[in-house]
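K.L.:
What follows is run.cif, mmCIF, C-alpha atoms.
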```
data_input
loop_
_atom_site.label_atom_id
_atom_site.label_comp_id
_atom_site.auth_asym_id
_atom_site.auth_seq_id
_atom_site.Cartn_x
_atom_site.Cartn_y
_atom_site.Cartn_z
CA MET K 1 -51.37 -6.99 25.96
CA LYS K 2 -47.77 -6.21 25.09
CA ILE K 3 -46.49 -2.69 25.85
CA ALA K 4 -43.69 -1.39 23.65
CA LYS K 5 -40.50 -0.44 25.47
CA ALA K 6 -40.44 2.92 23.71
CA SER K 7 -43.69 3.92 25.43
CA LEU K 8 -41.87 3.73 28.77
CA VAL K 9 -38.20 4.55 28.27
CA MET K 10 -37.74 6.30 24.91
CA PRO K 11 -37.52 10.11 25.36
CA GLY K 12 -40.14 11.81 23.21
CA GLU K 13 -42.26 8.69 22.84
CA ASN K 14 -43.26 8.12 26.48
CA LEU K 15 -45.27 11.28 27.15
CA VAL K 16 -48.17 9.48 28.84
CA TYR K 17 -45.99 7.43 31.18
CA GLY K 18 -43.65 10.35 31.81
CA VAL K 19 -46.48 12.65 32.86
CA PHE K 20 -47.93 9.93 35.11
CA ALA K 21 -44.55 9.24 36.75
CA LEU K 22 -43.94 12.94 37.37
CA VAL K 23 -47.41 13.45 38.88
CA VAL K 24 -46.74 10.57 41.28
CA SER K 25 -43.29 11.96 42.13
CA TYR K 26 -44.56 15.50 42.74
CA PHE K 27 -47.35 14.26 44.99
CA VAL K 28 -45.04 11.98 46.99
CA PHE K 29 -42.45 14.74 47.42
CA ALA K 30 -45.11 17.14 48.63
CA TYR K 31 -47.12 14.92 50.95
CA SER K 32 -45.03 11.90 51.99
CA GLY K 33 -45.05 13.39 55.50
CA ARG K 34 -48.83 13.00 55.52
CA PHE K 35 -49.12 9.59 53.91
CA GLY K 36 -46.09 7.96 55.49
CA GLN K 37 -43.10 6.04 54.23
CA VAL K 38 -45.26 3.70 52.15
CA SER K 39 -45.85 6.56 49.71
CA ILE K 40 -42.09 6.74 49.06
CA LEU K 41 -42.32 3.24 47.57
CA LEU K 42 -44.56 4.65 44.85
CA TYR K 43 -41.78 7.05 43.88
CA TYR K 44 -39.28 4.22 43.57
CA ALA K 45 -41.87 2.10 41.77
CA VAL K 46 -42.27 4.51 38.85
CA TRP K 47 -38.55 4.95 38.17
CA LEU K 48 -36.45 1.97 39.28
CA PRO K 49 -38.32 -0.69 37.24
CA LEU K 50 -37.34 1.18 34.06
CA VAL K 51 -33.85 -0.24 34.58
CA LEU K 52 -35.24 -3.75 34.09
CA ILE K 53 -36.89 -2.74 30.81
CA ASP K 54 -33.78 -1.36 29.11
CA TYR K 55 -30.87 -0.79 31.47
CA ARG K 56 -28.49 0.46 28.77
CA ARG K 57 -30.81 3.24 27.72
CA VAL K 58 -31.96 4.13 31.24
CA LEU K 59 -28.59 4.08 33.01
CA GLY K 60 -26.12 5.02 30.30
CA ASN K 61 -22.47 5.43 31.24
CA TYR K 62 -22.16 6.36 34.93
CA LYS K 63 -18.53 7.40 34.52
CA LYS K 64 -19.88 10.67 33.13
CA TYR K 65 -21.84 11.26 36.34
CA LEU K 66 -19.01 11.15 38.86
CA TRP K 67 -19.16 14.92 39.42
CA ILE K 68 -22.93 14.69 39.83
CA PHE K 69 -22.71 11.92 42.45
CA ALA K 70 -19.84 13.55 44.36
CA PHE K 71 -21.91 15.42 46.96
CA SER K 72 -24.35 12.57 47.65
CA VAL K 73 -21.48 10.08 48.04
CA PHE K 74 -19.61 12.41 50.39
CA ALA K 75 -22.81 12.92 52.41
CA LEU K 76 -23.10 9.16 52.86
CA LEU K 77 -19.41 8.81 53.77
CA SER K 78 -19.88 11.37 56.53
CA VAL K 79 -21.37 8.55 58.61
CA PHE K 80 -17.80 7.74 59.68
CA TRP K 81 -17.51 11.01 61.65
CA SER K 82 -21.17 11.85 62.15
CA ALA K 83 -22.50 13.05 65.50
CA ALA K 84 -25.61 10.95 64.74
CA PRO K 85 -24.38 7.99 62.62
CA GLY K 86 -27.74 6.23 62.51
CA THR K 87 -29.48 9.31 61.13
CA THR K 88 -26.69 9.97 58.63
CA THR K 89 -26.69 6.38 57.35
CA ARG K 90 -30.41 6.32 56.73
CA ALA K 91 -30.54 9.81 55.20
CA GLY K 92 -27.40 9.24 53.11
CA ILE K 93 -28.75 6.06 51.54
CA GLN K 94 -32.09 7.74 50.87
CA TYR K 95 -30.43 10.72 49.23
CA LEU K 96 -28.14 8.61 47.04
CA SER K 97 -31.05 6.45 45.85
CA HIS K 98 -33.05 9.64 45.24
CA VAL K 99 -30.25 10.95 43.00
CA ILE K 100 -30.21 7.66 41.07
CA CYS K 101 -33.96 7.96 40.44
CA ALA K 102 -33.52 11.55 39.27
CA LEU K 103 -30.84 10.48 36.78
CA ILE K 104 -33.07 7.68 35.53
CA ALA K 105 -35.80 10.26 34.96
CA MET K 106 -33.26 12.51 33.23
CA ARG K 107 -32.41 9.77 30.70
CA ALA K 108 -35.96 8.57 30.21
CA LEU K 109 -37.66 11.95 29.72
CA ASP K 110 -37.14 14.73 27.25
CA VAL K 111 -37.60 18.34 28.31
CA LYS K 112 -41.09 18.56 26.79
CA THR K 113 -42.31 15.64 28.89
CA LEU K 114 -40.55 17.06 31.95
CA THR K 115 -42.32 20.38 31.44
CA LEU K 116 -45.80 19.02 30.85
CA GLY K 117 -45.44 16.43 33.61
CA SER K 118 -44.36 19.18 35.99
CA VAL K 119 -47.38 21.27 35.02
CA ALA K 120 -49.66 18.34 35.84
CA GLY K 121 -47.73 17.33 38.98
CA ALA K 122 -47.58 20.81 40.47
CA GLY K 123 -51.23 21.31 39.56
CA VAL K 124 -52.31 18.17 41.44
CA VAL K 125 -50.24 19.22 44.48
CA LEU K 126 -51.79 22.70 44.56
CA LEU K 127 -55.32 21.39 44.02
CA TYR K 128 -54.93 19.00 46.94
CA SER K 129 -53.71 21.88 49.14
CA LEU K 130 -56.65 24.06 48.11
CA LEU K 131 -59.09 21.27 48.95
CA PHE K 132 -57.56 20.14 52.24
CA GLY K 133 -55.31 23.03 53.26
CA VAL K 134 -55.37 25.18 56.38
CA TYR K 135 -54.21 28.57 57.60
CA HIS K 136 -51.42 28.97 60.15
CA PHE K 137 -50.54 31.79 62.52
CA ASP K 138 -46.87 32.78 62.45
CA PRO K 139 -45.82 33.87 65.96
CA LEU K 140 -42.64 35.51 64.65
CA ASP K 141 -44.25 38.12 62.41
CA GLY K 142 -47.82 37.92 63.69
CA THR K 143 -49.37 37.06 60.32
CA ILE K 144 -51.89 34.43 59.29
CA SER K 145 -51.12 32.78 55.98
CA PHE K 146 -52.38 29.87 53.92
CA VAL K 147 -50.02 26.89 54.12
CA GLY K 148 -52.19 24.43 52.22
CA ALA K 149 -51.56 20.80 53.13
CA PHE K 150 -47.97 21.64 54.08
CA ASP K 151 -46.43 22.67 57.37
CA SER K 152 -44.83 25.74 55.83
CA LYS K 153 -46.09 28.52 53.59
CA ASN K 154 -42.70 28.53 51.87
CA GLN K 155 -43.20 24.96 50.64
CA LEU K 156 -46.61 25.83 49.24
CA GLY K 157 -45.04 28.89 47.65
CA PHE K 158 -42.29 26.77 46.10
CA TYR K 159 -44.75 24.45 44.34
CA ALA K 160 -46.73 27.48 43.22
CA SER K 161 -43.52 28.98 41.80
CA LEU K 162 -42.78 25.77 39.91
CA ALA K 163 -46.33 25.68 38.57
CA VAL K 164 -46.07 29.26 37.28
CA PHE K 165 -42.68 28.64 35.69
CA PHE K 166 -43.63 25.39 33.97
CA CYS K 167 -46.98 26.77 32.75
CA PHE K 168 -45.08 29.70 31.28
CA SER K 169 -42.54 27.32 29.72
CA ALA K 170 -45.24 25.10 28.22
CA VAL K 171 -47.21 27.95 26.63
CA VAL K 172 -44.49 30.45 25.72
CA LEU K 173 -41.36 28.36 25.18
CA LEU K 174 -42.82 25.05 23.98
CA LYS K 175 -45.81 26.81 22.34
CA GLN K 176 -48.27 24.18 23.52
CA ARG K 177 -51.85 24.64 22.34
CA GLY K 178 -54.94 22.45 22.23
CA PHE K 179 -55.45 20.41 25.42
CA TRP K 180 -52.50 21.87 27.31
CA LEU K 181 -53.34 25.55 26.80
CA PRO K 182 -56.47 25.63 29.03
CA VAL K 183 -54.80 23.24 31.49
CA CYS K 184 -51.86 25.63 31.88
CA GLY K 185 -54.26 28.56 32.19
CA VAL K 186 -56.20 26.97 35.05
CA ILE K 187 -53.11 25.70 36.89
CA GLY K 188 -51.37 29.05 36.40
CA LEU K 189 -54.32 30.83 38.03
CA LEU K 190 -54.34 28.34 40.94
CA ALA K 191 -50.61 28.88 41.40
CA ALA K 192 -50.98 32.67 41.34
CA TYR K 193 -53.67 32.45 44.04
CA CYS K 194 -51.50 30.14 46.17
CA LEU K 195 -48.59 32.59 45.89
CA TYR K 196 -50.87 35.39 47.04
CA ALA K 197 -52.51 33.42 49.86
CA SER K 198 -49.26 31.96 51.19
CA GLN K 199 -47.64 35.42 51.50
CA SER K 200 -44.27 33.78 50.87
CA ALA K 201 -41.98 36.66 49.96
CA THR K 202 -39.22 34.27 48.89
CA SER K 203 -41.47 32.45 46.44
CA VAL K 204 -43.05 35.57 44.97
CA LEU K 205 -39.76 37.41 44.47
CA THR K 206 -37.90 34.41 43.03
CA THR K 207 -40.78 33.64 40.66
CA VAL K 208 -40.84 37.18 39.31
CA ALA K 209 -37.05 37.25 39.03
CA VAL K 210 -36.75 33.93 37.20
CA LEU K 211 -39.61 34.70 34.80
CA GLY K 212 -37.93 38.02 34.01
CA ILE K 213 -34.59 36.32 33.42
CA THR K 214 -36.16 33.63 31.24
CA VAL K 215 -38.01 36.17 29.11
CA GLY K 216 -34.77 38.12 28.71
CA MET K 217 -32.89 35.00 27.64
CA GLN K 218 -35.67 34.16 25.19
CA VAL K 219 -35.19 37.56 23.59
CA PHE K 220 -31.45 36.90 23.42
CA SER K 221 -32.10 33.56 21.68
CA LEU K 222 -33.67 35.41 18.74
CA LEU K 223 -30.30 36.95 17.94
CA PRO K 224 -27.26 35.29 16.35
CA PRO K 225 -25.06 33.53 18.97
CA LYS K 226 -22.28 36.11 18.78
CA SER K 227 -24.70 39.01 19.30
CA ARG K 228 -26.34 37.18 22.21
CA LYS K 229 -23.07 36.95 24.09
CA LEU K 230 -22.24 40.63 23.63
CA LEU K 231 -25.73 41.72 24.64
CA PHE K 232 -25.69 39.38 27.64
CA ILE K 233 -22.40 40.86 28.87
CA ALA K 234 -23.77 44.39 28.50
CA ALA K 235 -27.03 43.47 30.24
CA THR K 236 -25.14 41.79 33.08
CA ILE K 237 -22.98 44.85 33.69
CA PHE K 238 -26.00 47.18 33.57
CA GLY K 239 -28.03 44.89 35.82
CA THR K 240 -25.24 44.64 38.39
CA ILE K 241 -24.91 48.42 38.57
CA THR K 242 -28.69 48.79 38.88
CA VAL K 243 -28.92 46.24 41.70
CA ILE K 244 -26.07 47.86 43.64
CA GLY K 245 -27.70 51.25 43.25
CA ALA K 246 -31.06 49.87 44.39
CA ILE K 247 -29.50 48.31 47.48
CA TYR K 248 -27.84 51.54 48.53
CA GLY K 249 -31.04 53.41 47.71
CA GLY K 250 -33.06 51.43 50.24
CA ALA K 251 -34.93 49.25 47.75
CA ILE K 252 -34.51 46.13 49.89
CA ASP K 253 -36.30 47.67 52.87
CA SER K 254 -39.09 48.89 50.58
CA VAL K 255 -39.58 45.44 49.06
CA LEU K 256 -39.51 43.72 52.45
CA GLY K 257 -41.96 46.28 53.79
CA ALA K 258 -44.39 45.44 51.00
CA PHE K 259 -44.46 41.86 52.29
CA GLY K 260 -44.63 42.87 55.94
CA LYS K 261 -41.03 41.81 56.60
CA ASP K 262 -38.28 43.62 58.48
CA SER K 263 -34.54 43.75 57.91
CA THR K 264 -34.04 40.54 59.93
CA LEU K 265 -36.13 38.59 57.38
CA THR K 266 -38.34 37.29 60.18
CA GLY K 267 -35.42 36.10 62.25
CA ARG K 268 -33.46 34.51 59.42
CA THR K 269 -30.40 36.71 59.89
CA TYR K 270 -30.17 35.49 63.49
CA LEU K 271 -30.62 31.90 62.30
CA TRP K 272 -27.84 32.36 59.74
CA GLN K 273 -25.57 33.68 62.46
CA GLN K 274 -26.28 30.60 64.57
CA GLY K 275 -25.54 28.36 61.60
CA ILE K 276 -22.20 30.03 60.94
CA GLU K 277 -21.27 29.54 64.58
CA ALA K 278 -22.25 25.87 64.38
CA ALA K 279 -20.17 25.39 61.22
CA ARG K 280 -17.03 26.46 63.09
CA ALA K 281 -17.18 23.27 65.15
CA SER K 282 -16.02 21.25 62.12
CA PRO K 283 -15.32 23.56 59.18
CA VAL K 284 -13.69 21.02 56.87
CA ILE K 285 -15.88 17.89 56.98
CA GLY K 286 -18.88 18.99 59.05
CA ILE K 287 -20.66 17.13 61.82
CA GLY K 288 -22.35 14.63 59.51
CA TYR K 289 -25.11 14.68 56.93
CA GLN K 290 -28.40 15.57 58.67
CA ALA K 291 -26.67 15.18 62.04
CA TYR K 292 -27.45 18.66 63.40
CA TRP K 293 -31.23 18.83 63.70
CA VAL K 294 -31.52 15.77 65.93
CA GLN K 295 -33.86 15.63 68.89
CA GLY K 296 -31.99 15.59 72.20
CA PHE K 297 -29.08 17.72 70.98
CA SER K 298 -28.91 20.95 72.98
CA GLU K 299 -28.41 23.50 70.21
CA PRO K 300 -31.25 22.43 67.90
CA GLU K 301 -33.53 22.06 70.93
CA ARG K 302 -32.75 25.67 71.85
CA LEU K 303 -33.44 26.94 68.34
CA TRP K 304 -36.67 24.96 68.06
CA GLU K 305 -37.85 26.58 71.27
CA GLU K 306 -36.81 30.09 70.19
CA PHE K 307 -38.61 29.75 66.85
CA PHE K 308 -41.73 28.09 68.31
CA ILE K 309 -41.23 24.76 66.47
CA GLY K 310 -43.35 22.52 68.63
CA SER K 311 -42.87 19.45 66.44
CA ARG K 312 -39.06 19.69 66.91
CA SER K 313 -38.54 18.65 63.29
CA GLY K 314 -38.68 20.00 59.76
CA PHE K 315 -36.52 23.02 60.53
CA HIS K 316 -33.27 24.29 59.04
CA PHE K 317 -31.03 27.34 58.71
CA HIS K 318 -32.95 28.76 55.73
CA ASN K 319 -29.78 28.95 53.67
CA THR K 320 -28.54 26.04 51.58
CA TYR K 321 -24.87 26.93 51.88
CA ILE K 322 -24.88 27.43 55.65
CA GLU K 323 -26.82 24.19 56.15
CA THR K 324 -24.40 22.33 53.89
CA MET K 325 -21.38 23.82 55.68
CA VAL K 326 -22.70 22.72 59.06
CA GLU K 327 -23.42 19.15 57.97
CA THR K 328 -20.67 18.39 55.44
CA GLY K 329 -18.13 21.17 55.97
CA GLY K 330 -16.14 23.01 53.35
CA ILE K 331 -15.68 19.87 51.23
CA GLY K 332 -19.40 19.25 50.96
CA LEU K 333 -20.02 22.93 50.31
CA LEU K 334 -17.51 22.90 47.45
CA LEU K 335 -19.05 19.80 45.89
CA LEU K 336 -22.61 21.14 46.08
CA THR K 337 -21.64 24.61 44.84
CA THR K 338 -19.83 23.02 41.90
CA LEU K 339 -23.02 21.12 41.04
CA PHE K 340 -25.11 24.30 41.31
CA LEU K 341 -22.80 26.45 39.20
CA ALA K 342 -22.17 23.74 36.60
CA GLY K 343 -25.90 23.44 36.00
CA LEU K 344 -26.51 27.18 35.95
CA PHE K 345 -23.63 28.22 33.71
CA GLY K 346 -23.68 25.03 31.64
CA HIS K 347 -27.24 25.69 30.48
CA LEU K 348 -26.57 29.42 30.19
CA LYS K 349 -23.74 28.61 27.79
CA ARG K 350 -26.09 26.47 25.71
CA VAL K 351 -28.71 29.22 25.64
CA LEU K 352 -26.14 31.70 24.37
CA ALA K 353 -24.59 29.31 21.86
CA GLU K 354 -27.40 27.17 20.46
CA ARG K 355 -29.21 28.13 17.30
CA ARG K 356 -32.49 26.42 18.08
CA GLY K 357 -34.51 24.69 20.75
CA PHE K 358 -36.41 25.48 23.92
CA GLU K 359 -34.60 22.87 26.00
CA PRO K 360 -31.67 25.05 27.17
CA LEU K 361 -34.10 27.83 28.14
CA VAL K 362 -36.26 25.54 30.29
CA LEU K 363 -33.29 23.87 31.97
CA PHE K 364 -31.61 27.22 32.56
CA GLY K 365 -34.82 28.51 34.13
CA ILE K 366 -34.98 25.52 36.49
CA SER K 367 -31.34 26.00 37.48
CA ALA K 368 -31.82 29.74 38.00
CA LEU K 369 -34.92 29.24 40.18
CA LEU K 370 -33.16 26.73 42.43
CA PHE K 371 -30.03 28.88 42.64
CA VAL K 372 -31.91 32.05 43.58
CA ARG K 373 -33.93 30.21 46.23
CA SER K 374 -30.81 28.58 47.68
CA PHE K 375 -29.89 31.73 49.58
CA ALA K 376 -33.10 31.69 51.62
CA GLU K 377 -34.39 28.10 51.48
CA ILE K 378 -33.24 24.46 51.60
CA ASP K 379 -34.59 22.77 48.47
CA VAL K 380 -31.83 20.52 47.15
CA ILE K 381 -29.88 18.73 49.88
CA PHE K 382 -32.58 16.45 51.27
CA PRO K 383 -34.07 13.29 49.71
CA TYR K 384 -37.61 13.12 48.35
CA GLN K 385 -37.81 16.81 47.53
CA ILE K 386 -38.79 18.25 44.18
CA GLY K 387 -35.91 20.73 44.34
CA SER K 388 -33.19 18.09 44.53
CA PHE K 389 -35.01 15.98 41.93
CA LEU K 390 -35.00 18.85 39.42
CA LEU K 391 -31.44 19.89 40.29
CA TYR K 392 -30.02 16.50 39.37
CA ILE K 393 -32.14 16.25 36.23
CA ALA K 394 -30.88 19.65 35.07
CA ALA K 395 -27.27 18.76 35.88
CA GLY K 396 -27.58 15.36 34.23
CA LYS K 397 -28.88 16.88 30.99
CA LEU K 398 -25.47 18.53 30.58
CA THR K 399 -23.98 15.07 30.03
CA MET K 400 -26.30 14.55 27.04
CA PRO K 401 -25.61 15.96 23.56
CA ALA K 402 -26.80 19.53 23.02
CA PRO K 403 -29.97 19.75 20.86
CA GLN K 404 -28.24 21.00 17.72
CA SER K 405 -25.57 18.29 17.92
CA GLU K 406 -28.14 15.50 17.65
CA PRO K 407 -28.02 13.89 14.19
CA LEU K 408 -30.96 14.61 11.92
CA ARG K 409 -32.68 11.49 10.65
CA SER K 410 -32.96 11.41 6.89
CA PRO K 411 -32.90 8.83 4.11
CA ALA K 412 -29.32 9.75 3.32
CA PHE K 413 -27.29 8.03 6.00
CA THR K 414 -24.18 10.13 6.19
CA GLY K 415 -21.90 11.33 8.96
CA ASP K 416 -23.20 10.71 12.46
CA ALA K 417 -26.41 9.15 11.15
CA ALA K 418 -24.50 6.50 9.24
CA GLN K 419 -22.31 5.87 12.24
CA SER K 420 -25.39 5.41 14.40
CA MET K 421 -26.93 2.95 11.97
CA ALA K 422 -23.70 0.98 11.94
CA HIS K 423 -23.53 0.80 15.72
CA PRO K 424 -23.72 -2.81 17.00
CA LEU K 425 -26.56 -1.90 19.35
CA GLY K 426 -28.70 -0.60 16.47
CA PRO K 427 -29.87 2.88 15.44
CA ASP K 428 -32.07 3.40 18.49
CA ASN K 429 -29.35 2.44 20.94
CA ALA K 430 -26.30 4.08 19.39
CA TYR K 431 -26.23 6.98 21.82
CA LEU K 432 -26.64 4.98 25.01
CA TYR K 433 -23.11 5.33 26.31
CA ARG K 434 -22.56 8.95 25.34
#
```
Produce structure tokens that represent the structure in this file.
P.N.:
Amino acid sequence: MKIAKASLVMPGENLVYGVFALVVSYFVFAYSGRFGQVSILLYYAVWLPLVLIDYRRVLGNYKKYLWIFAFSVFALLSVFWSAAPGTTTRAGIQYLSHVICALIAMRALDVKTLTLGSVAGAGVVLLYSLLFGVYHFDPLDGTISFVGAFDSKNQLGFYASLAVFFCFSAVVLLKQRGFWLPVCGVIGLLAAYCLYASQSATSVLTTVAVLGITVGMQVFSLLPPKSRKLLFIAATIFGTITVIGAIYGGAIDSVLGAFGKDSTLTGRTYLWQQGIEAARASPVIGIGYQAYWVQGFSEPERLWEEFFIGSRSGFHFHNTYIETMVETGGIGLLLLTTLFLAGLFGHLKRVLAERRGFEPLVLFGISALLFVRSFAEIDVIFPYQIGSFLLYIAAGKLTMPAPQSEPLRSPAFTGDAAQSMAHPLGPDNAYLYR
């Protein structure tokens, strides 16, 4: 049986394969620690072979991606001054190949497929955790919370946040009905329960914040572009004043108290302080990508003991920017922050300027969720994580034409359409090197 290339690599025509590939990716990202390194091969197996099918369409022009690759390349180059060169080499290669897979997914999938595949993928991850998950006692705050099949309630909370956001996007933004409506309803309820059971304040607060922002931006999108921009500026000024007033009014302590947290954020402020001190050892280039949390090094061993991390692994400074500063210095921090802000404001600009389409709203929501979480979690600087996968997809979409700039197909071949038909690669391949 011959399978058409379009069913695998053509955005908009590969829904079945795209959903399958995303379910595999989500599951591997969530549970590769349980199933071992062999499971990582499944992740590579669903994305890398697409290059062999149609490399022009899948890869495109990598000159446009230099700013996207900058951080991952610098992380790999840090092997030359790393305190743990073996660890940095392995992790750097893994991260760079992970970024390549994310960019392949970005070119192969449209936003609709990304959304529905993420609904299915997050749903499978949460269902597995509900079936085989456990509760853990946290010695720092004395609470017992559901961690699912993860080692951390915050990771369970993150996947629950993604499930809520993508279910919302599928039903409200993409207006999916039929088969996907009940699926989103069930997965949304599972995600809400996981958020409640995990007691992850970070996940709950960021989910509520991002949903609120997305709904607000959807309202803005109903207005003419010029009115959107004026209203957005006014809302930003009002929101900033409100937040400052809430902070001085003690709102932070009230919110933390509702989750059973104190002003130290369960020891995170101390951990941040330790990370800032560690960053001073090499403030420009860092000590090497993933070269801090290495068994046998005195400082991480001390912190593992203080925070009751018996496994002596899977720990970090709970702040993306501090972690990045420690490992890759100010240069790495600048490169990663540029990637973050380019994705966030790039899609925000499209939301405020475009006349139609749900794509900018979904991609802006993804960027906003990752950005908000970056101040309390580490989701984007390690390989084989859903956070970094989505970050590079969202950033990569900025290199593609905006929805309204895509030529409309019609019998009258004029303008861009005629140019596409005249392209030597054919009408379906005319955009490949954009």
K.L.:
Using 6 Å of padding on each side, determine the axis-aligned box around all atoms of range 327-341 of chain K present in the file and give its centre and edge lengths in Å to one decimal, as AutoDock Vina command-line options.
P.N.:
```
--center_x -20.4 --center_y 22.4 --center_z 48.6 --size_x 21.4 --size_y 20.1 --size_z 30.8
```
K.L.:
Taking the file as shown, find all residues satisfying the PyMOL selection byres ((chain K and resi 18-23) around 8) and write them as a list of chain:residue names.
P.N.:
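Residues picked by the PyMOL selection byres ((chain K and resi 18-23) around 8): K:Leu8, K:Asn14, K:Leu15, K:Val16, K:Tyr17, K:Val24, K:Ser25, K:Tyr26, K:Phe27, K:Tyr43, K:Val46, K:Trp47, K:Leu109, K:Thr113, K:Leu114, K:Leu116, K:Gly117, K:Ser118, K:Ala120, K:Gly121, K:Ala122, K:Val124.
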K.L.:
Run the PyMOL selection byres ((chain K and resi 303) around 10) mentally over the shown coordinates, then write out the matched residues as a list in words, using the chain letters and numbers from the document.
P.N.:
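So the PyMOL selection byres ((chain K and resi 303) around 10) ends up selecting Leu271, Gln274, Trp293, Ser298, Glu299, Pro300, Glu301, Arg302, Trp304, Glu305, Glu306, Phe307, Phe308, Ile309, Arg312, Phe315, His316 and Phe317 of chain K.
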K.L.:
For each of K:Ala91, K:Val186, K:Val284, K:Val58, take the minimum atom-to-atom distance to Val326 in chain K, counting all atoms listed in the file, then give the residue where this is smallest.
P.N.:
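Counting all atoms listed in the file, the residue closest to Val326 in chain K is K:Val284.
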K.L.:
If you measure from CA of Val380 in chain K to CA of Ile40 in chain K, what distance in Å do you get, rounded to one decimal?
P.N.:
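If I compute the distance from CA of Val380 in chain K to CA of Ile40 in chain K, I get 17.3 Å.
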K.L.:
Evaluated on this file, the PyMOL selection byres ((chain K and resi 44) around 12) picks out some residues - which ones are they, written as a ChimeraX atom specification?
P.N.:
/K:21-22,24-25,28-29,37-43,45-51,94,97-102,104-105,384
K.L.:
Looking at K:Tyr193, K:Thr337, K:Gln155, K:Cys167, which one is nearest to Leu127 in chain K, with distances taken over only C-alpha atoms?
P.N.:
K:Tyr193
K.L.:
Any idea what the distance is between CA of Val208 in chain K and CA of Ala235 in chain K?
P.N.:
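Atom-to-atom, CA of Val208 in chain K and CA of Ala235 in chain K are spaced 17.7 Å apart.
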K.L.:
Here is a test: counting all atoms listed in the file, which residue of K:Thr240, K:Leu336, K:Arg56, K:His347 is nearest to Thr399 in chain K?
P.N.:
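Looking at the shortest contact to Thr399 in chain K, the residue is K:His347.
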K.L.:
Work out how far apart CA of Val204 in chain K and CA of Phe71 in chain K are and give it in Å to one decimal.
P.N.:
29.3 Å
K.L.:
Nearest residue to Val294 in chain K out of K:Ser169, K:Ser388, K:Ser313, K:Ser152, using only C-alpha atoms?
P.N.:
K:Ser313
K.L.:
Write out as a list in words which residues come within 10 Å of Gln199 in chain K when counting all atoms listed in the file, dropping same-chain ones fewer than 4 positions away.
P.N.:
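Once the adjacent positions are removed, what remains is Thr143, Ile144, Ser145, Phe146, Val147, Lys153, Asn154, Leu156, Gly157, Cys194, Leu195, Ser203, Val204, Phe259 and Gly260 of chain K.
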K.L.:
For Gly123 in chain K, work out the shell of residues within 9 Å, counting all atoms listed in the file and skipping chain neighbours fewer than 5 positions away, then give it as a PyMOL selection string.
P.N.:
chain K and resi 23+118+128+159-160+163+184+186-188+190-191
K.L.:
Restricting the calculation to only C-alpha atoms, which member of K:Leu103, K:Ile276, K:Ala83, K:Ala353 is positioned closest to Asn61 in chain K?
P.N.:
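Closest candidate: K:Leu103.
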K.L.:
When distances are computed from all atoms listed in the file, which of K:Val243, K:Val125, K:Met106, K:Pro283 shows the smallest separation from Tyr65 in chain K?
P.N.:
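Closest residue, counting all atoms listed in the file: K:Met106.
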K.L.:
Could you pull the residues within 9 Å of Val111 in chain K, counting all atoms listed in the file, minus those fewer than 4 positions along the same chain, as a list in words?
P.N.:
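These residues fall inside the cut-off: Pro11, Gly12, Met106, Thr115, Leu116, Phe358, Glu359, Val362 and Leu363 of chain K.
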K.L.:
At a cut-off of 10 Å, using all atoms listed in the file, what residues contact Gly216 in chain K? Leave out same-chain residues fewer than 5 positions from it and give the result as a PyMOL selection string.
P.N.:
chain K and resi 210-211+221+232+235
